[in-house]
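A.B. asks: Data: start.txt, compact mmCIF, C-alpha atoms.
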# COMPACT_ATOMS: atom_id res chain seq x y z
CA LYS A 1 -61.48 9.66 -51.24
CA ILE A 2 -63.73 7.23 -53.08
CA GLU A 3 -61.22 4.41 -52.44
CA GLU A 4 -60.93 5.31 -48.76
CA SER A 5 -64.69 5.32 -48.34
CA VAL A 6 -65.58 2.29 -50.42
CA PHE A 7 -62.81 -0.27 -49.71
CA PRO A 8 -63.22 -0.41 -45.91
CA VAL A 9 -66.93 -0.96 -46.40
CA GLN A 10 -66.25 -3.80 -48.80
CA LEU A 11 -63.67 -5.40 -46.47
CA ASN A 12 -65.97 -5.12 -43.48
CA ALA A 13 -68.73 -6.70 -45.50
CA GLN A 14 -66.46 -9.58 -46.47
CA HIS A 15 -65.38 -10.13 -42.86
CA GLU A 16 -68.99 -10.09 -41.70
CA SER A 17 -69.86 -12.61 -44.42
CA ILE A 18 -67.00 -14.91 -43.35
CA ASP A 19 -68.01 -14.65 -39.69
CA ALA A 20 -71.57 -15.47 -40.65
CA GLN A 21 -70.49 -18.47 -42.66
CA SER A 22 -68.29 -19.63 -39.79
CA LYS A 23 -71.22 -19.53 -37.42
CA ASN A 24 -73.31 -21.58 -39.84
CA MET A 25 -70.61 -24.24 -40.25
CA SER A 26 -71.12 -27.59 -38.62
CA ASN A 27 -68.56 -29.05 -36.26
CA THR A 28 -67.50 -31.51 -38.98
CA GLU A 29 -66.91 -28.70 -41.44
CA LYS A 30 -64.91 -26.72 -38.88
CA THR A 31 -62.80 -29.79 -38.13
CA LYS A 32 -62.06 -30.27 -41.81
CA VAL A 33 -61.06 -26.62 -42.24
CA LEU A 34 -58.76 -26.79 -39.22
CA GLU A 35 -57.26 -30.02 -40.55
CA ILE A 36 -56.52 -28.35 -43.90
CA LEU A 37 -54.98 -25.31 -42.18
CA THR A 38 -52.85 -27.59 -40.02
CA LYS A 39 -51.54 -29.40 -43.10
CA ILE A 40 -50.76 -26.10 -44.81
CA ASP A 41 -48.91 -24.87 -41.73
CA SER A 42 -47.01 -28.15 -41.58
CA LEU A 43 -46.01 -27.83 -45.22
CA ALA A 44 -44.88 -24.23 -44.70
CA GLN A 45 -42.84 -25.23 -41.65
CA ARG A 46 -41.24 -28.06 -43.60
CA ARG A 47 -40.21 -25.66 -46.37
CA ARG A 48 -38.72 -23.25 -43.83
CA SER A 49 -36.76 -26.08 -42.21
CA GLU A 50 -35.29 -26.79 -45.66
CA GLY A 51 -34.02 -23.21 -45.87
CA PHE A 52 -36.95 -21.55 -47.63
CA ASP A 53 -36.70 -18.26 -45.77
CA GLU A 54 -35.57 -14.68 -46.26
CA ILE A 55 -32.00 -15.17 -45.02
CA HIS A 56 -31.10 -18.17 -47.19
CA PHE A 57 -32.78 -16.65 -50.24
CA THR A 58 -30.89 -13.38 -49.76
CA TRP A 59 -27.54 -15.14 -49.39
CA GLY A 60 -28.25 -17.22 -52.48
CA VAL A 61 -28.99 -14.15 -54.60
CA VAL A 62 -25.99 -12.23 -53.21
CA ASN A 63 -23.71 -15.17 -53.97
CA CYS A 64 -24.93 -15.31 -57.59
CA LEU A 65 -24.26 -11.58 -57.94
CA LEU A 66 -20.79 -12.08 -56.48
CA VAL A 67 -20.01 -14.95 -58.86
CA THR A 68 -21.22 -12.93 -61.85
CA PHE A 69 -19.13 -9.93 -60.83
CA VAL A 70 -15.92 -11.91 -60.27
CA PHE A 71 -16.39 -13.91 -63.46
CA GLY A 72 -16.93 -10.79 -65.56
CA ALA A 73 -14.71 -8.17 -63.91
CA LEU A 74 -12.03 -10.23 -62.15
CA PRO A 75 -11.65 -13.48 -64.12
CA GLN A 76 -8.04 -13.88 -62.95
CA HIS A 77 -9.36 -14.47 -59.41
CA PHE A 78 -12.32 -16.71 -60.26
CA TRP A 79 -10.36 -19.86 -59.38
CA LEU A 80 -9.97 -18.54 -55.85
CA LEU A 81 -13.72 -17.99 -55.50
CA TYR A 82 -14.33 -21.54 -56.76
CA LEU A 83 -11.92 -22.88 -54.17
CA LEU A 84 -13.36 -20.89 -51.27
CA GLU A 85 -16.97 -21.78 -52.08
CA SER A 86 -16.09 -25.46 -52.36
CA PHE A 87 -14.75 -25.36 -48.79
CA TYR A 88 -18.23 -24.41 -47.59
CA LEU A 89 -20.54 -26.17 -50.04
CA PHE A 90 -18.93 -29.62 -50.10
CA PRO A 91 -19.04 -30.35 -46.35
CA THR A 92 -22.45 -28.69 -45.99
CA ARG A 93 -23.88 -30.82 -48.76
CA PHE A 94 -22.25 -33.94 -47.32
CA LYS A 95 -23.85 -33.23 -43.95
CA ASN A 96 -27.25 -33.05 -45.64
CA LEU A 97 -26.58 -36.21 -47.65
CA ILE A 98 -25.79 -38.35 -44.62
CA ARG A 99 -28.93 -37.01 -42.87
CA ALA A 100 -31.19 -37.70 -45.86
CA LYS A 101 -34.26 -39.88 -45.44
CA PRO A 102 -35.25 -42.62 -45.97
CA MET A 103 -31.67 -43.61 -46.94
CA ASN A 104 -28.22 -42.15 -46.48
CA GLN A 105 -27.09 -40.44 -49.72
CA ALA A 106 -23.38 -40.09 -48.92
CA LEU A 107 -22.46 -42.43 -51.79
CA TYR A 108 -23.69 -39.81 -54.23
CA TYR A 109 -20.19 -38.39 -53.80
CA LEU A 110 -18.88 -41.32 -55.87
CA ASP A 111 -20.68 -40.01 -58.94
CA PHE A 112 -18.58 -38.68 -61.82
CA CYS A 113 -19.43 -34.98 -61.41
CA TRP A 114 -18.57 -35.03 -57.72
CA ILE A 115 -15.31 -36.92 -58.20
CA MET A 116 -14.17 -34.53 -60.93
CA ASN A 117 -14.81 -31.53 -58.67
CA PHE A 118 -12.89 -33.18 -55.85
CA VAL A 119 -10.01 -33.78 -58.26
CA GLY A 120 -10.17 -30.16 -59.39
CA VAL A 121 -10.04 -28.84 -55.84
CA VAL A 122 -7.12 -31.12 -54.94
CA LEU A 123 -5.17 -30.08 -58.04
CA LEU A 124 -5.70 -26.39 -57.31
CA LEU A 125 -4.51 -26.93 -53.74
CA LEU A 126 -1.44 -28.79 -55.01
CA LEU A 127 -0.56 -25.92 -57.32
CA VAL A 128 -1.00 -23.42 -54.49
CA SER A 129 1.07 -25.50 -52.07
CA ASP A 130 3.69 -25.99 -54.76
CA ALA A 131 4.08 -22.22 -55.02
CA LEU A 132 3.85 -21.37 -51.32
CA ILE A 133 5.20 -24.33 -49.37
CA MET A 134 6.99 -27.01 -51.37
CA ASP A 135 10.58 -26.63 -52.48
CA PHE A 136 10.13 -27.80 -56.06
CA SER A 137 8.25 -26.77 -59.17
CA THR A 138 5.65 -28.93 -60.89
CA PRO A 139 6.88 -29.64 -64.45
CA ASP A 140 5.01 -27.80 -67.19
CA ILE A 141 4.26 -31.08 -68.95
CA PHE A 142 2.29 -32.25 -65.90
CA ARG A 143 0.52 -28.88 -65.72
CA GLN A 144 -0.37 -29.26 -69.39
CA TYR A 145 -1.87 -32.69 -68.79
CA ILE A 146 -3.92 -31.24 -65.94
CA PHE A 147 -5.23 -28.43 -68.11
CA THR A 148 -6.09 -30.60 -71.12
CA GLY A 149 -7.84 -33.24 -69.05
CA ILE A 150 -9.85 -30.89 -66.87
CA PHE A 151 -10.82 -28.68 -69.81
CA GLY A 152 -12.39 -31.59 -71.70
CA ILE A 153 -14.21 -32.87 -68.61
CA ALA A 154 -15.48 -29.45 -67.49
CA CYS A 155 -16.62 -28.26 -70.92
CA GLY A 156 -17.91 -31.68 -71.96
CA PRO A 157 -19.76 -33.91 -69.45
CA LEU A 158 -20.19 -31.28 -66.73
CA LEU A 159 -21.43 -28.59 -69.11
CA GLY A 160 -23.74 -31.07 -70.83
CA ALA A 161 -25.09 -32.35 -67.52
CA THR A 162 -25.94 -28.77 -66.54
CA ALA A 163 -28.22 -28.58 -69.56
CA VAL A 164 -29.98 -31.95 -69.24
CA LEU A 165 -30.22 -32.79 -65.53
CA PRO A 166 -33.52 -31.46 -64.13
CA PHE A 167 -32.22 -30.97 -60.57
CA VAL A 168 -29.44 -28.59 -61.65
CA THR A 169 -31.27 -25.34 -61.07
CA PHE A 170 -31.19 -21.91 -59.48
CA LEU A 171 -32.98 -22.31 -56.14
CA PHE A 172 -31.43 -19.48 -54.18
CA HIS A 173 -32.68 -20.65 -50.78
CA ASP A 174 -31.67 -24.31 -51.17
CA VAL A 175 -28.02 -25.11 -50.47
CA ASN A 176 -28.44 -28.62 -51.91
CA SER A 177 -29.65 -27.32 -55.27
CA MET A 178 -27.06 -24.55 -55.35
CA THR A 179 -24.31 -27.08 -54.64
CA SER A 180 -25.51 -29.26 -57.52
CA LEU A 181 -25.43 -26.16 -59.68
CA PHE A 182 -21.95 -25.34 -58.38
CA ILE A 183 -20.35 -28.67 -59.31
CA HIS A 184 -21.78 -28.54 -62.84
CA ILE A 185 -21.61 -24.93 -64.05
CA TYR A 186 -18.60 -23.58 -62.14
CA PRO A 187 -16.00 -25.89 -63.78
CA PRO A 188 -16.76 -24.76 -67.38
CA MET A 189 -16.72 -21.17 -66.12
CA LEU A 190 -13.39 -21.82 -64.41
CA MET A 191 -11.88 -23.29 -67.55
CA TYR A 192 -13.19 -20.32 -69.52
CA THR A 193 -11.03 -18.04 -67.38
CA PHE A 194 -7.97 -20.33 -67.71
CA LYS A 195 -8.37 -20.64 -71.47
CA TRP A 196 -9.36 -17.13 -72.51
CA HIS A 197 -7.90 -14.98 -69.69
CA ARG A 198 -4.66 -16.89 -69.19
CA SER A 199 -2.48 -13.77 -69.57
CA ASP A 200 -4.39 -12.05 -66.76
CA ILE A 201 -4.03 -15.14 -64.57
CA ASN A 202 -0.31 -15.48 -65.32
CA GLU A 203 0.19 -11.84 -64.41
CA ALA A 204 -1.86 -11.98 -61.22
CA TRP A 205 -0.59 -15.38 -59.99
CA PRO A 206 2.80 -16.01 -61.68
CA SER A 207 4.06 -18.37 -58.98
CA ILE A 208 0.97 -20.60 -59.09
CA PHE A 209 -0.08 -20.85 -62.73
CA HIS A 210 2.13 -21.24 -65.79
CA LEU A 211 -0.27 -21.16 -68.72
CA ASN A 212 2.18 -20.43 -71.52
CA TYR A 213 1.65 -23.92 -72.94
CA VAL A 214 -2.06 -23.36 -73.70
CA ASP A 215 -1.43 -22.22 -77.28
CA GLU A 216 0.39 -25.47 -78.02
CA ILE A 217 -2.50 -27.72 -76.95
CA THR A 218 -4.49 -29.57 -79.62
CA PHE A 219 -7.95 -31.00 -79.16
CA PHE A 220 -7.96 -34.19 -81.24
CA SER A 221 -4.48 -34.95 -82.54
CA GLY A 222 -1.81 -36.60 -80.41
CA ALA A 223 -1.52 -38.49 -77.15
CA GLU A 224 -1.45 -35.19 -75.24
CA SER A 225 -4.63 -33.83 -76.84
CA VAL A 226 -7.68 -32.74 -74.88
CA MET A 227 -9.75 -35.61 -76.26
CA MET A 228 -7.21 -38.26 -75.34
CA VAL A 229 -6.36 -37.07 -71.83
CA SER A 230 -9.99 -36.34 -70.95
CA SER A 231 -11.08 -39.79 -72.14
CA ILE A 232 -8.37 -41.42 -70.03
CA ILE A 233 -9.54 -39.49 -66.98
CA TYR A 234 -13.13 -40.56 -67.66
CA ALA A 235 -12.08 -44.19 -68.03
CA ALA A 236 -10.09 -44.00 -64.79
CA TRP A 237 -13.38 -43.21 -63.02
CA PHE A 238 -15.71 -45.33 -65.14
CA VAL A 239 -13.98 -48.72 -64.82
CA PRO A 240 -13.77 -48.94 -61.00
CA TYR A 241 -17.17 -47.28 -60.56
CA THR A 242 -18.81 -49.78 -62.92
CA ALA A 243 -17.18 -52.70 -61.10
CA TRP A 244 -18.35 -51.31 -57.75
CA MET A 245 -21.91 -50.70 -58.97
CA LEU A 246 -22.31 -54.17 -60.46
CA LEU A 247 -20.77 -56.01 -57.52
CA ILE A 248 -21.78 -53.92 -54.51
CA GLY A 249 -23.67 -50.71 -55.25
CA ILE A 250 -26.71 -52.20 -56.99
CA ASP A 251 -27.57 -54.21 -53.87
CA LEU A 252 -27.15 -51.50 -51.24
CA PRO A 253 -30.61 -49.81 -51.44
CA ARG A 254 -32.62 -53.01 -52.03
CA LYS A 255 -35.54 -53.49 -49.68
CA PHE A 256 -34.69 -57.18 -49.54
CA ARG A 257 -30.94 -57.19 -49.96
CA HIS A 258 -29.01 -60.15 -51.37
CA ALA A 259 -26.15 -59.58 -48.95
CA LYS A 260 -26.68 -61.40 -45.65
CA GLN A 261 -25.77 -60.62 -42.07
CA ARG A 262 -23.34 -62.78 -40.09
CA ASP A 263 -25.95 -65.48 -39.51
CA GLY A 264 -25.97 -66.12 -43.27
CA VAL A 265 -29.77 -65.94 -43.41
CA THR A 266 -31.01 -62.47 -42.46
CA PRO A 267 -30.65 -59.86 -45.24
CA LYS A 268 -28.65 -56.78 -44.40
CA VAL A 269 -30.55 -53.56 -43.85
CA ALA A 270 -30.73 -51.08 -46.72
CA VAL A 271 -28.87 -47.97 -45.54
CA TYR A 272 -27.27 -46.29 -48.55
CA ASP A 273 -28.78 -44.94 -51.75
CA THR A 274 -26.89 -44.43 -55.04
CA VAL A 275 -27.22 -42.00 -57.94
CA PHE A 276 -28.18 -44.90 -60.21
CA HIS A 277 -31.14 -45.89 -58.02
CA SER A 278 -32.23 -42.28 -57.66
CA SER A 279 -32.16 -41.85 -61.45
CA MET A 280 -34.13 -45.04 -62.02
CA ARG A 281 -36.84 -43.97 -59.59
CA MET A 282 -37.44 -40.80 -61.65
CA GLY A 283 -39.02 -42.87 -64.44
CA ALA A 284 -36.00 -44.15 -66.35
CA TYR A 285 -36.49 -47.71 -65.11
CA GLU A 286 -40.02 -47.94 -66.47
CA SER A 287 -38.85 -46.49 -69.79
CA PHE A 288 -36.01 -49.01 -70.02
CA GLY A 289 -38.41 -51.83 -69.29
CA LYS A 290 -40.97 -50.65 -71.84
CA PHE A 291 -38.68 -49.90 -74.78
CA LEU A 292 -35.82 -52.36 -74.25
CA TRP A 293 -37.09 -55.44 -72.48
CA ASN A 294 -40.88 -55.39 -72.95
CA ARG A 295 -41.15 -55.59 -69.17
CA PRO A 296 -44.67 -55.12 -67.76
CA VAL A 297 -45.21 -51.72 -66.13
CA GLU A 298 -46.51 -53.38 -62.97
CA VAL A 299 -43.28 -55.33 -62.61
CA SER A 300 -41.19 -52.19 -63.13
CA LYS A 301 -43.21 -50.31 -60.51
CA LYS A 302 -42.73 -53.15 -58.03
CA HIS A 303 -38.97 -53.12 -58.67
CA VAL A 304 -38.91 -49.35 -58.15
CA GLU A 305 -40.86 -49.66 -54.92
CA GLU A 306 -38.38 -52.21 -53.60
CA ASN A 307 -35.27 -50.65 -55.22
CA ASP A 308 -34.70 -54.07 -56.77
CA PHE A 309 -33.41 -53.09 -60.21
CA GLU A 310 -32.17 -55.59 -62.77
CA LEU A 311 -28.49 -55.85 -63.62
CA ARG A 312 -29.12 -55.29 -67.34
CA ASP A 313 -30.74 -51.92 -66.61
CA CYS A 314 -27.69 -50.90 -64.62
CA LEU A 315 -25.45 -51.88 -67.53
CA VAL A 316 -27.55 -49.83 -69.95
CA TYR A 317 -27.44 -46.85 -67.60
CA LEU A 318 -23.66 -47.07 -67.31
CA MET A 319 -23.15 -47.47 -71.05
CA LEU A 320 -25.37 -44.47 -71.78
CA HIS A 321 -23.37 -42.52 -69.23
CA ALA A 322 -20.12 -43.47 -70.99
CA ILE A 323 -21.40 -42.73 -74.49
CA SER A 324 -22.85 -39.36 -73.54
CA GLY A 325 -19.73 -38.48 -71.54
CA ILE A 326 -17.27 -39.18 -74.35
CA ALA A 327 -19.56 -37.63 -76.98
CA SER A 328 -19.93 -34.45 -74.93
CA ILE A 329 -16.14 -34.10 -74.74
CA ALA A 330 -15.88 -34.41 -78.52
CA CYS A 331 -18.77 -32.03 -79.24
CA LEU A 332 -19.27 -29.50 -76.47
CA GLY A 333 -15.64 -29.54 -75.38
CA TYR A 334 -14.41 -28.92 -78.90
CA LEU A 335 -16.83 -26.03 -79.49
CA CYS A 336 -15.69 -24.35 -76.27
CA PHE A 337 -12.05 -24.96 -77.21
CA ILE A 338 -12.06 -23.29 -80.61
CA ASN A 339 -13.83 -19.99 -79.91
CA VAL A 340 -14.21 -17.70 -76.91
CA TRP A 341 -17.67 -16.52 -77.96
CA VAL A 342 -18.97 -20.04 -78.39
CA HIS A 343 -17.64 -20.92 -74.95
CA ALA A 344 -19.32 -17.84 -73.44
CA PHE A 345 -22.59 -18.60 -75.26
CA MET A 346 -22.60 -22.17 -73.96
CA ILE A 347 -22.23 -20.97 -70.38
CA LEU A 348 -24.96 -18.36 -70.87
CA LEU A 349 -27.29 -20.92 -72.45
CA VAL A 350 -27.01 -23.48 -69.65
CA ALA A 351 -27.33 -20.67 -67.07
CA LEU A 352 -30.62 -19.57 -68.68
CA ILE A 353 -31.86 -23.17 -68.68
CA CYS A 354 -31.12 -23.43 -64.96
CA VAL A 355 -32.79 -20.08 -64.29
CA TYR A 356 -35.91 -21.30 -66.10
CA ARG A 357 -35.97 -24.49 -64.03
CA GLY A 358 -35.73 -22.39 -60.89
CA ALA A 359 -38.58 -20.16 -62.11
CA VAL A 360 -40.75 -23.24 -62.67
CA ARG A 361 -40.03 -24.44 -59.14
CA TYR A 362 -40.75 -21.07 -57.52
CA THR A 363 -43.97 -20.79 -59.53
CA TYR A 364 -44.96 -24.14 -58.10
CA TYR A 365 -44.17 -22.95 -54.57
CA ALA A 366 -46.15 -19.72 -54.99
CA VAL A 367 -49.12 -20.88 -57.08
CA HIS A 368 -49.69 -24.64 -57.01
CA MET A 369 -48.09 -26.21 -53.93
CA TYR A 370 -50.77 -25.42 -51.34
CA SER A 371 -53.73 -26.09 -53.62
CA ARG A 372 -52.33 -29.51 -54.53
CA LYS A 373 -51.72 -30.27 -50.87
CA ILE A 374 -55.34 -29.41 -50.07
CA ARG A 375 -56.63 -31.62 -52.90
Represent the supplied structure as structure tokens.
C.D. replies:
Amino acid sequence: KIEESVFPVQLNAQHESIDAQSKNMSNTEKTKVLEILTKIDSLAQRRRSEGFDEIHFTWGVVNCLLVTFVFGALPQHFWLLYLLESFYLFPTRFKNLIRAKPMNQALYYLDFCWIMNFVGVVLLLLLVSDALIMDFSTPDIFRQYIFTGIFGIACGPLLGATAVLPFVTFLFHDVNSMTSLFIHIYPPMLMYTFKWHRSDINEAWPSIFHLNYVDEITFFSGAESVMMVSSIIYAAWFVPYTAWMLLIGIDLPRKFRHAKQRDGVTPKVAVYDTVFHSSMRMGAYESFGKFLWNRPVEVSKKHVEENDFELRDCLVYLMLHAISGIASIACLGYLCFINVWVHAFMILLVALICVYRGAVRYTYYAVHMYSRKIR
């Protein structure tokens, strides 16, 4: 009764105080308040246009529950869930990439993590078509090469990238973020099921998967080892990608491109962005310049503004990518290969890291975003 009698009085008093203050405000002050409210409404509308609403958030949470359930209770069918979700996420993400501003981001699909997921999807489809349509059986030696190579890649570079890349996060409403999470954390989960639940998979899908050779696979010794096959697969991507980046890709996002139009004088328009340029704009370029080349910060900032990065920085970026990629196969891949509990712990650890990143982002949305916009 006390609450019912006191709170309305307090609220009415507050409303009366606000009305009184509003009446005492000058026209300039009212204009400023309306301007701030308009900016806040614009920011809220922008977030909703990006999918920050009840429907997308609900579907994101439900999907995570579904993935957790299938991974834990039905591991023999997890590969099918991976395949089905890729059919939706890959084209949806591509649609968003080509619509990105200020530059088209479609060339992000040339990055290592994307290419490896495309390869994984194609290989799964080939195995399915082999069992259902084609009139021949894929030799077990080829299947073994597939398993060894994909295991090292999934549990090495992709698992490691999940832990270190800041944009790999649980943002349930954002299909772009959830797709980035998908291409990094799903492959090591998929290989967990193939490695440690192979008998269940053989029993459930005997015409598609023949995993009897898994016990014979070695990690380091031999030309057919996980380390060797995975490194070859990495090199098969790295060599042509490096050649493309150094000859073509590094020039594509430049504000003042080196490539000319047909008149031989006018620079071509910057249309496409690359993962390298995006990574450099996050602060890596200034760090490279400071610690490696003693490049003035003002020069680095100007290069970032114009997307005019030096060739030596691109080479360093690519070499660091290669070193970390091969090292992750040897370290993370080996740990996941030798013990089921270590493999499970690794997946849990990177999942918790991604959950924390998502929590930080949602805290920003709920607590800091509007106040910073006002300031």
A.B. asks: Find the residues near Val122 in chain A: any atom within 12 Å, counting only C-alpha atoms, skip ones fewer than 5 places away on the same chain, and give them as a short mmCIF file (atom, residue, chain, number, x, y, z; two decimals) with C-alpha atoms, in the coordinates of the input.
C.D. replies:
data_model
loop_
_atom_site.label_atom_id
_atom_site.label_comp_id
_atom_site.auth_asym_id
_atom_site.auth_seq_id
_atom_site.Cartn_x
_atom_site.Cartn_y
_atom_site.Cartn_z
CA LEU A 83 -11.92 -22.88 -54.17
CA SER A 86 -16.09 -25.46 -52.36
CA PHE A 87 -14.75 -25.36 -48.79
CA ILE A 115 -15.31 -36.92 -58.20
CA MET A 116 -14.17 -34.53 -60.93
CA ASN A 117 -14.81 -31.53 -58.67
CA LEU A 127 -0.56 -25.92 -57.32
CA VAL A 128 -1.00 -23.42 -54.49
CA SER A 129 1.07 -25.50 -52.07
CA ASP A 130 3.69 -25.99 -54.76
CA ILE A 146 -3.92 -31.24 -65.94
#
A.B. asks: For a test of reading the model, state the distance in Å between CA of Thr193 in chain A and CA of Phe112 in chain A, rounded to one decimal.
C.D. replies: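 It comes out at 22.7 Å.
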A.B. asks: Could you build a table of the residues in range 187-292 of chain A lying no more than 9 Å from range 326-333 of chain A, giving for each the nearest pair of atoms and their separation in Å rounded to one decimal place, using only C-alpha atoms, ordered by chain and ascending residue number, as JSON lines?
C.D. replies:
{"residue": "A:Phe219", "atom": "CA", "partner": "A:Ala330", "partner_atom": "CA", "distance": 8.7}
{"residue": "A:Phe220", "atom": "CA", "partner": "A:Ala330", "partner_atom": "CA", "distance": 8.4}
{"residue": "A:Val226", "atom": "CA", "partner": "A:Ile329", "partner_atom": "CA", "distance": 8.6}
{"residue": "A:Met227", "atom": "CA", "partner": "A:Ala330", "partner_atom": "CA", "distance": 6.6}
{"residue": "A:Ser230", "atom": "CA", "partner": "A:Ile329", "partner_atom": "CA", "distance": 7.6}
{"residue": "A:Ser231", "atom": "CA", "partner": "A:Ile326", "partner_atom": "CA", "distance": 6.6}
{"residue": "A:Tyr234", "atom": "CA", "partner": "A:Ile326", "partner_atom": "CA", "distance": 8.0}
A.B. asks: Between A:His77, A:Lys95, A:Arg372, A:Arg281, which residue has the minimum interatomic distance to Phe194 in chain A, considering only C-alpha atoms?
C.D. replies: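 Closest to Phe194 in chain A of all the choices is A:His77.
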A.B. asks: I'd like the interatomic distance between CA of Thr162 in chain A and CA of His184 in chain A, to a tenth of an Å.
C.D. replies: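 Between CA of Thr162 in chain A and CA of His184 in chain A the gap works out to 5.6 Å.
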A.B. asks: Counting only C-alpha atoms, which of A:Leu125, A:Thr38, A:Val61, A:Glu54 gets nearest to Leu80 in chain A?
C.D. replies: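 For Leu80 in chain A, the nearest of the candidates is A:Leu125.
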A.B. asks: Please report the interatomic distance between CA of Gly325 in chain A and CA of Pro157 in chain A in Å with one decimal.
C.D. replies: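 So the answer is 5.0 Å.
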A.B. asks: Given the choices A:Ala106, A:Ala259, A:Leu89, A:Ile40, which gets closest to Val175 in chain A if the distance is worked out from only C-alpha atoms?
C.D. replies: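 Nearest candidate to Val175 in chain A out of A:Ala106, A:Ala259, A:Leu89, A:Ile40: A:Leu89.
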A.B. asks: Compare A:Gly149, A:Pro91, A:Gly156, A:Gly358 by their minimum atom-to-atom distance to Ser225 in chain A, counting only C-alpha atoms, and give me the closest one.
C.D. replies: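 Checking each candidate against Ser225 in chain A, we get A:Gly149 as the closest.
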A.B. asks: Find, counting only C-alpha atoms, the residue in A:Ile208, A:Leu37, A:Cys354, A:Met282 that gets nearest to Ala163 in chain A.
C.D. replies: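 Counting only C-alpha atoms, the residue closest to Ala163 in chain A is A:Cys354.
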A.B. asks: Place all heavy atoms on range 121-126 of chain A and deliver the coordinates as a compact mmCIF listing (two decimals), keeping the file's coordinate frame.
C.D. replies:
# COMPACT_ATOMS: atom_id res chain seq x y z
N VAL A 121 -10.41 -29.55 -57.07
CA VAL A 121 -10.04 -28.84 -55.84
C VAL A 121 -8.66 -29.29 -55.36
O VAL A 121 -7.81 -28.47 -54.98
CB VAL A 121 -11.09 -29.06 -54.75
CG1 VAL A 121 -10.59 -28.56 -53.39
CG2 VAL A 121 -12.40 -28.36 -55.11
N VAL A 122 -8.42 -30.60 -55.38
CA VAL A 122 -7.12 -31.12 -54.94
C VAL A 122 -5.99 -30.60 -55.82
O VAL A 122 -4.93 -30.19 -55.33
CB VAL A 122 -7.14 -32.66 -54.94
CG1 VAL A 122 -5.73 -33.22 -54.72
CG2 VAL A 122 -8.08 -33.18 -53.85
N LEU A 123 -6.21 -30.57 -57.13
CA LEU A 123 -5.17 -30.08 -58.04
C LEU A 123 -4.88 -28.60 -57.82
O LEU A 123 -3.71 -28.18 -57.85
CB LEU A 123 -5.60 -30.33 -59.49
CG LEU A 123 -5.62 -31.79 -59.94
CD1 LEU A 123 -6.18 -31.91 -61.35
CD2 LEU A 123 -4.22 -32.39 -59.88
N LEU A 124 -5.91 -27.81 -57.60
CA LEU A 124 -5.70 -26.39 -57.31
C LEU A 124 -4.90 -26.22 -56.02
O LEU A 124 -3.99 -25.39 -55.94
CB LEU A 124 -7.03 -25.66 -57.21
CG LEU A 124 -7.75 -25.35 -58.52
CD1 LEU A 124 -9.12 -24.74 -58.25
CD2 LEU A 124 -6.92 -24.40 -59.38
N LEU A 125 -5.24 -27.02 -55.01
CA LEU A 125 -4.51 -26.93 -53.74
C LEU A 125 -3.06 -27.36 -53.91
O LEU A 125 -2.15 -26.79 -53.28
CB LEU A 125 -5.20 -27.79 -52.68
CG LEU A 125 -6.57 -27.30 -52.20
CD1 LEU A 125 -7.19 -28.29 -51.23
CD2 LEU A 125 -6.44 -25.93 -51.54
N LEU A 126 -2.82 -28.36 -54.76
CA LEU A 126 -1.44 -28.79 -55.01
C LEU A 126 -0.64 -27.70 -55.69
O LEU A 126 0.53 -27.46 -55.35
CB LEU A 126 -1.45 -30.06 -55.88
CG LEU A 126 -1.86 -31.36 -55.19
CD1 LEU A 126 -1.92 -32.50 -56.20
CD2 LEU A 126 -0.89 -31.71 -54.06
